[in-house]
Amino acid sequence: MPKDGTGSLPALSRDQRIGLVLPGGGARGAYQVGVLKAIAEILPRRAANPFAVISGTSAGAISSVVLASQARVFRHAVADLERVWGHFRSHHVFRADTWTMLRSSLHWAAAVIFGGLGVGNPRSLLDNAPLREMLGREINLHAIQESIDRGYLDAVAVTAAGYGSARSVCFYQGRDSLQSWNRVRRVGRHAELTLDHLMASIAVPLIFPPVMIQREYFGDGAMRQATPLAPAVHLGAERLLVIGVRDEEPDPPPGPDEEVPYPSIGRIAGYVLDALFMDGLSQDLERLTRVNLILENQPTRTLDAGAAQLRYIDALIMLPSRDIREIAVRHAHEMPRPVRILMSGLGALNTGGRQLVSYLLFEKGYTRELIKLGYEDGLARREQIQAFLEGAPLGVPGGIAGWRDLSEHYSQRVRALRLPGEGSRA
């Protein structure tokens, strides 16, 4: 085990090879910080990073890189994440002043009215240059390699979507022995992670501008990422801790005598972001459950599948215990006035548009409440998290724990999501 300058040792054996997966979710990423804060409290105070592999997408990519750059003391890294997320204001992420918002609106309107402006066409709805400046100031990207060299981390991965190649590209920095991979519309490339990789991973289509890396423009990593668990597995993770940011119930259907409202642009945009950030994770969890069910009957819990080998992988899932959209509604007034006007024009400040606001509300009142929620959810499952980090089997059918609240969508088709004694509901 590696030793740091203070003589402290990582708290957990690297033999466990646990992967941390942080999917995207915009401002909802503050919830992940809260769960990480709970994990830091569960571990010994000076414990090193307990995850052999850290994989992040979009907002989750930022947290992943911060953890990797400060892997020597996990609690210090999480404290820095909490400090940044807990003091967020919209102007830290995108230019939110009245003139910039007005100019952006007029620019888009002119492009539509005149059928395009040639090279002067708008590149994005919002300018996220302030976020780039803040990340460049706050994150020591050069420290990632030191964490790897000293054994505190095997690999960290950031995923982006290539507009030219139409592929999901996982850029990873890790041990020399790790191998790149090439699958259908998704590849893994070894790279020294830079600010460009982070900005590409968080470049939500149309909202933030794409970023060029090696002569190709890239956008938000959630696009085309049909298998968000795969990068961590490719990089050697044998167990997964996944911190998602969505678990709300669908809106109640209108009554028989109520008019069905036409979906606003804000509602549709929120739906698009929800599909972008969340659908791939749900599908990949279902896929993993099915693979685990097959492997449960194999003596070694492995199966050769041509060029690849299928492995049984335990996965502990953390999801919000409350509807994040409701939290966003209470804090929508914190948005700068120009942003509120834009959101109102899109129909995003009513009940139907709260999904969009929940992803774009980078204001400290909202992010602090999400951090608090994640922290409480993490401590509520303290014993389960600690046992998982120590290598204890989850002991549940299909090897996935914590996904039970999504069972209504899958329980009739996936036996692993039925808990003993609870019939068809997990």
# chains A, B, ... in the order shown; residues from 1 in each chain; ligands from 1
>>> closest_atom_pairs(of="segment 32-68 of chain A", to="segment 192-216 of chain A", cutoff="12 Å", atoms="only C-alpha atoms", output="JSON lines")
{"residue": "A:Ser55", "atom": "CA", "partner": "A:Ser201", "partner_atom": "CA", "distance": 11.8}
{"residue": "A:Gly56", "atom": "CA", "partner": "A:Ser201", "partner_atom": "CA", "distance": 8.9}
{"residue": "A:Thr57", "atom": "CA", "partner": "A:Ser201", "partner_atom": "CA", "distance": 6.1}
{"residue": "A:Ser58", "atom": "CA", "partner": "A:Ile202", "partner_atom": "CA", "distance": 4.0}
{"residue": "A:Ala59", "atom": "CA", "partner": "A:Ile202", "partner_atom": "CA", "distance": 6.0}
{"residue": "A:Gly60", "atom": "CA", "partner": "A:Ile202", "partner_atom": "CA", "distance": 8.7}
{"residue": "A:Ala61", "atom": "CA", "partner": "A:Leu198", "partner_atom": "CA", "distance": 6.5}
{"residue": "A:Ile62", "atom": "CA", "partner": "A:Leu198", "partner_atom": "CA", "distance": 6.5}
{"residue": "A:Ser63", "atom": "CA", "partner": "A:Leu198", "partner_atom": "CA", "distance": 10.1}
{"residue": "A:Ser64", "atom": "CA", "partner": "A:Leu198", "partner_atom": "CA", "distance": 10.0}
{"residue": "A:Val65", "atom": "CA", "partner": "A:Leu198", "partner_atom": "CA", "distance": 8.5}
{"residue": "A:Val66", "atom": "CA", "partner": "A:Leu198", "partner_atom": "CA", "distance": 11.0}
{"residue": "A:Ala68", "atom": "CA", "partner": "A:Leu193", "partner_atom": "CA", "distance": 10.9}
>>> select_by_dssp(residues="segment 256-419 of chain A", states="helix (DSSP H, G or I)", output="VMD selection string")
chain A and resid 265 to 295 324 to 334 337 to 345 351 to 360 364 to 380 382 to 389 397 to 399 404 to 410 415 to 417
>>> write_last_selection(atoms="C-alpha atoms", output="compact mmCIF listing (two decimals), in the first residue's frame")
# COMPACT_ATOMS: atom_id res chain seq x y z
CA ILE A 265 -40.30 24.72 -24.65
CA GLY A 266 -39.01 24.63 -21.10
CA ARG A 267 -40.74 21.35 -20.40
CA ILE A 268 -39.47 19.79 -23.61
CA ALA A 269 -35.93 21.05 -22.93
CA GLY A 270 -36.08 19.60 -19.42
CA TYR A 271 -37.29 16.31 -20.85
CA VAL A 272 -34.39 16.28 -23.31
CA LEU A 273 -31.85 16.90 -20.53
CA ASP A 274 -33.47 14.24 -18.40
CA ALA A 275 -33.20 11.71 -21.22
CA LEU A 276 -29.64 12.84 -21.93
CA PHE A 277 -28.42 12.45 -18.36
CA MET A 278 -30.51 9.61 -16.98
CA ASP A 279 -31.74 7.10 -19.56
CA GLY A 280 -28.33 5.57 -20.25
CA LEU A 281 -27.77 4.82 -16.55
CA SER A 282 -31.15 3.11 -16.15
CA GLN A 283 -30.58 0.98 -19.25
CA ASP A 284 -27.06 0.06 -18.20
CA LEU A 285 -28.22 -0.96 -14.72
CA GLU A 286 -30.85 -3.21 -16.25
CA ARG A 287 -28.21 -4.68 -18.55
CA LEU A 288 -25.85 -5.32 -15.62
CA THR A 289 -28.65 -6.98 -13.68
CA ARG A 290 -29.32 -9.37 -16.53
CA VAL A 291 -25.63 -10.23 -16.92
CA ASN A 292 -25.30 -10.83 -13.18
CA LEU A 293 -28.35 -13.12 -13.24
CA ILE A 294 -26.69 -15.23 -15.91
CA LEU A 295 -23.35 -15.33 -14.08
CA ILE A 324 -35.13 17.25 -6.67
CA ARG A 325 -37.58 19.11 -8.92
CA GLU A 326 -39.56 20.22 -5.88
CA ILE A 327 -36.38 21.55 -4.28
CA ALA A 328 -35.58 23.48 -7.47
CA VAL A 329 -39.01 25.14 -7.51
CA ARG A 330 -38.43 26.57 -4.03
CA HIS A 331 -35.10 28.10 -5.07
CA ALA A 332 -35.92 29.30 -8.61
CA HIS A 333 -36.19 32.89 -7.33
CA GLU A 334 -32.43 32.85 -6.63
CA ARG A 337 -33.25 38.36 -13.08
CA PRO A 338 -32.07 38.08 -16.72
CA VAL A 339 -31.92 34.30 -16.38
CA ARG A 340 -35.37 34.18 -14.78
CA ILE A 341 -36.77 36.21 -17.66
CA LEU A 342 -35.23 33.77 -20.15
CA MET A 343 -36.52 30.76 -18.20
CA SER A 344 -39.95 32.34 -17.93
CA GLY A 345 -40.03 32.92 -21.67
CA THR A 351 -44.65 23.08 -12.75
CA GLY A 352 -44.05 21.57 -16.17
CA GLY A 353 -40.71 23.29 -16.62
CA ARG A 354 -39.21 22.55 -13.22
CA GLN A 355 -37.14 19.73 -14.74
CA LEU A 356 -35.09 22.20 -16.76
CA VAL A 357 -34.59 24.53 -13.80
CA SER A 358 -33.38 21.63 -11.65
CA TYR A 359 -30.45 21.12 -14.04
CA LEU A 360 -29.52 24.79 -14.57
CA LYS A 364 -25.95 28.30 -3.54
CA GLY A 365 -29.31 27.96 -1.75
CA TYR A 366 -30.25 25.14 -4.09
CA THR A 367 -26.86 23.43 -4.23
CA ARG A 368 -26.48 23.55 -0.45
CA GLU A 369 -29.85 21.87 0.03
CA LEU A 370 -28.85 19.16 -2.44
CA ILE A 371 -25.54 18.65 -0.62
CA LYS A 372 -27.47 18.33 2.63
CA LEU A 373 -29.85 15.81 1.05
CA GLY A 374 -26.98 13.70 -0.33
CA TYR A 375 -25.21 13.81 3.03
CA GLU A 376 -28.32 12.67 4.90
CA ASP A 377 -29.01 9.92 2.35
CA GLY A 378 -25.42 8.71 2.66
CA LEU A 379 -25.47 8.61 6.46
CA ALA A 380 -28.86 6.85 6.41
CA ARG A 382 -23.90 4.26 6.57
CA GLU A 383 -23.60 0.58 7.50
CA GLN A 384 -24.32 -0.59 3.97
CA ILE A 385 -21.79 1.82 2.44
CA GLN A 386 -19.10 0.91 4.95
CA ALA A 387 -19.63 -2.82 4.41
CA PHE A 388 -19.50 -2.31 0.64
CA LEU A 389 -16.24 -0.37 0.84
CA PRO A 397 -30.35 -11.06 -6.21
CA GLY A 398 -28.65 -9.70 -9.30
CA GLY A 399 -25.93 -7.98 -7.27
CA ARG A 404 -35.40 -0.53 -5.71
CA ASP A 405 -37.24 2.77 -6.17
CA LEU A 406 -37.07 2.31 -9.96
CA SER A 407 -38.47 -1.21 -9.79
CA GLU A 408 -41.95 -0.29 -10.97
CA HIS A 409 -40.51 0.22 -14.44
CA TYR A 410 -38.62 -3.07 -14.49
CA ARG A 415 -36.51 -10.91 -11.38
CA ALA A 416 -33.54 -9.41 -9.50
CA LEU A 417 -35.56 -6.34 -8.63
>>> residues_around(residues="Arg72 of chain A", least_positions_apart="4", cutoff="7 Å", atoms="only C-alpha atoms", output="ChimeraX atom specification")
/A:4,48-49,147,152
>>> atom_distance(atom1="atom CA of Gln173 of chain A", atom2="atom CA of Ala230 of chain A")
15.5 Å
>>> closest_residue(among="A:Ile42, A:Leu240, A:Ala305, A:Met335", to="Pro393 of chain A", atoms="only C-alpha atoms")
A:Leu240
>>> closest_residue(among="A:Asp251, A:Ala129, A:Phe218, A:Trp181", to="Ala166 of chain A", atoms="only C-alpha atoms")
A:Phe218
>>> closest_residue(among="A:His76, A:Arg89, A:Arg381, A:Lys37", to="Leu131 of chain A", atoms="only C-alpha atoms")
A:Arg89
>>> residues_around(residues="Gly244 of chain A", least_positions_apart="6", cutoff="8 Å", atoms="only C-alpha atoms", output="list of chain:residue names")
A:Leu22, A:Pro23, A:Gln32, A:Ile317, A:Met318, A:Leu319, A:Pro320
>>> atom_distance(atom1="atom CA of Gly29 of chain A", atom2="atom CA of Phe88 of chain A")
11.8 Å
>>> residues_around(residues="Pro231 of chain A", least_positions_apart="3", cutoff="8 Å", atoms="only C-alpha atoms", output="ChimeraX atom specification")
/A:55,157,170,188,228,234-235
>>> write_last_selection(atoms="N, CA and C atoms", output="PDB file, in the first residue's frame")
ATOM      1  N   SER A  55     -14.849   7.422 -12.471  1.00  0.00           N
ATOM      2  CA  SER A  55     -15.341   7.733 -13.809  1.00  0.00           C
ATOM      3  C   SER A  55     -16.476   8.747 -13.712  1.00  0.00           C
ATOM      4  N   ALA A 157     -11.440   8.723 -15.360  1.00  0.00           N
ATOM      5  CA  ALA A 157     -11.969   8.793 -16.719  1.00  0.00           C
ATOM      6  C   ALA A 157     -12.975   9.928 -16.847  1.00  0.00           C
ATOM      7  N   CYS A 170     -14.216   7.949 -24.110  1.00  0.00           N
ATOM      8  CA  CYS A 170     -13.787   8.000 -22.720  1.00  0.00           C
ATOM      9  C   CYS A 170     -12.300   8.325 -22.698  1.00  0.00           C
ATOM     10  N   GLY A 188     -12.245   3.996 -25.751  1.00  0.00           N
ATOM     11  CA  GLY A 188     -11.473   4.495 -24.622  1.00  0.00           C
ATOM     12  C   GLY A 188     -10.104   4.911 -25.091  1.00  0.00           C
ATOM     13  N   PRO A 228     -22.897   3.979 -19.274  1.00  0.00           N
ATOM     14  CA  PRO A 228     -22.093   4.810 -18.374  1.00  0.00           C
ATOM     15  C   PRO A 228     -21.296   4.030 -17.339  1.00  0.00           C
ATOM     16  N   HIS A 234     -14.067  -1.264 -17.779  1.00  0.00           N
ATOM     17  CA  HIS A 234     -12.932  -1.420 -18.695  1.00  0.00           C
ATOM     18  C   HIS A 234     -11.610  -1.114 -18.000  1.00  0.00           C
ATOM     19  N   LEU A 235     -11.633  -0.187 -17.059  1.00  0.00           N
ATOM     20  CA  LEU A 235     -10.411   0.230 -16.376  1.00  0.00           C
ATOM     21  C   LEU A 235     -10.108  -0.613 -15.152  1.00  0.00           C
TER      22      LEU A 235
END
>>> closest_residue(among="A:Pro254, A:Pro261, A:Gly19, A:Gly25", to="Ala237 of chain A", atoms="only C-alpha atoms")
A:Gly19
>>> closest_residue(among="A:Leu316, A:Ala27, A:Val73, A:Leu126", to="Trp403 of chain A", atoms="only C-alpha atoms")
A:Leu316
>>> select_by_dssp(residues="segment 141-319 of chain A", states="strand (DSSP E)", output="MDAnalysis selection string")
chainID A and resid 155:162 167:174 181:183 186:190 211:213 216:219 239:243 302:305 308:311 314:318
>>> closest_residue(among="A:Val84, A:Gly24, A:Ile54, A:Arg183", to="Ala160 of chain A", atoms="only C-alpha atoms")
A:Gly24
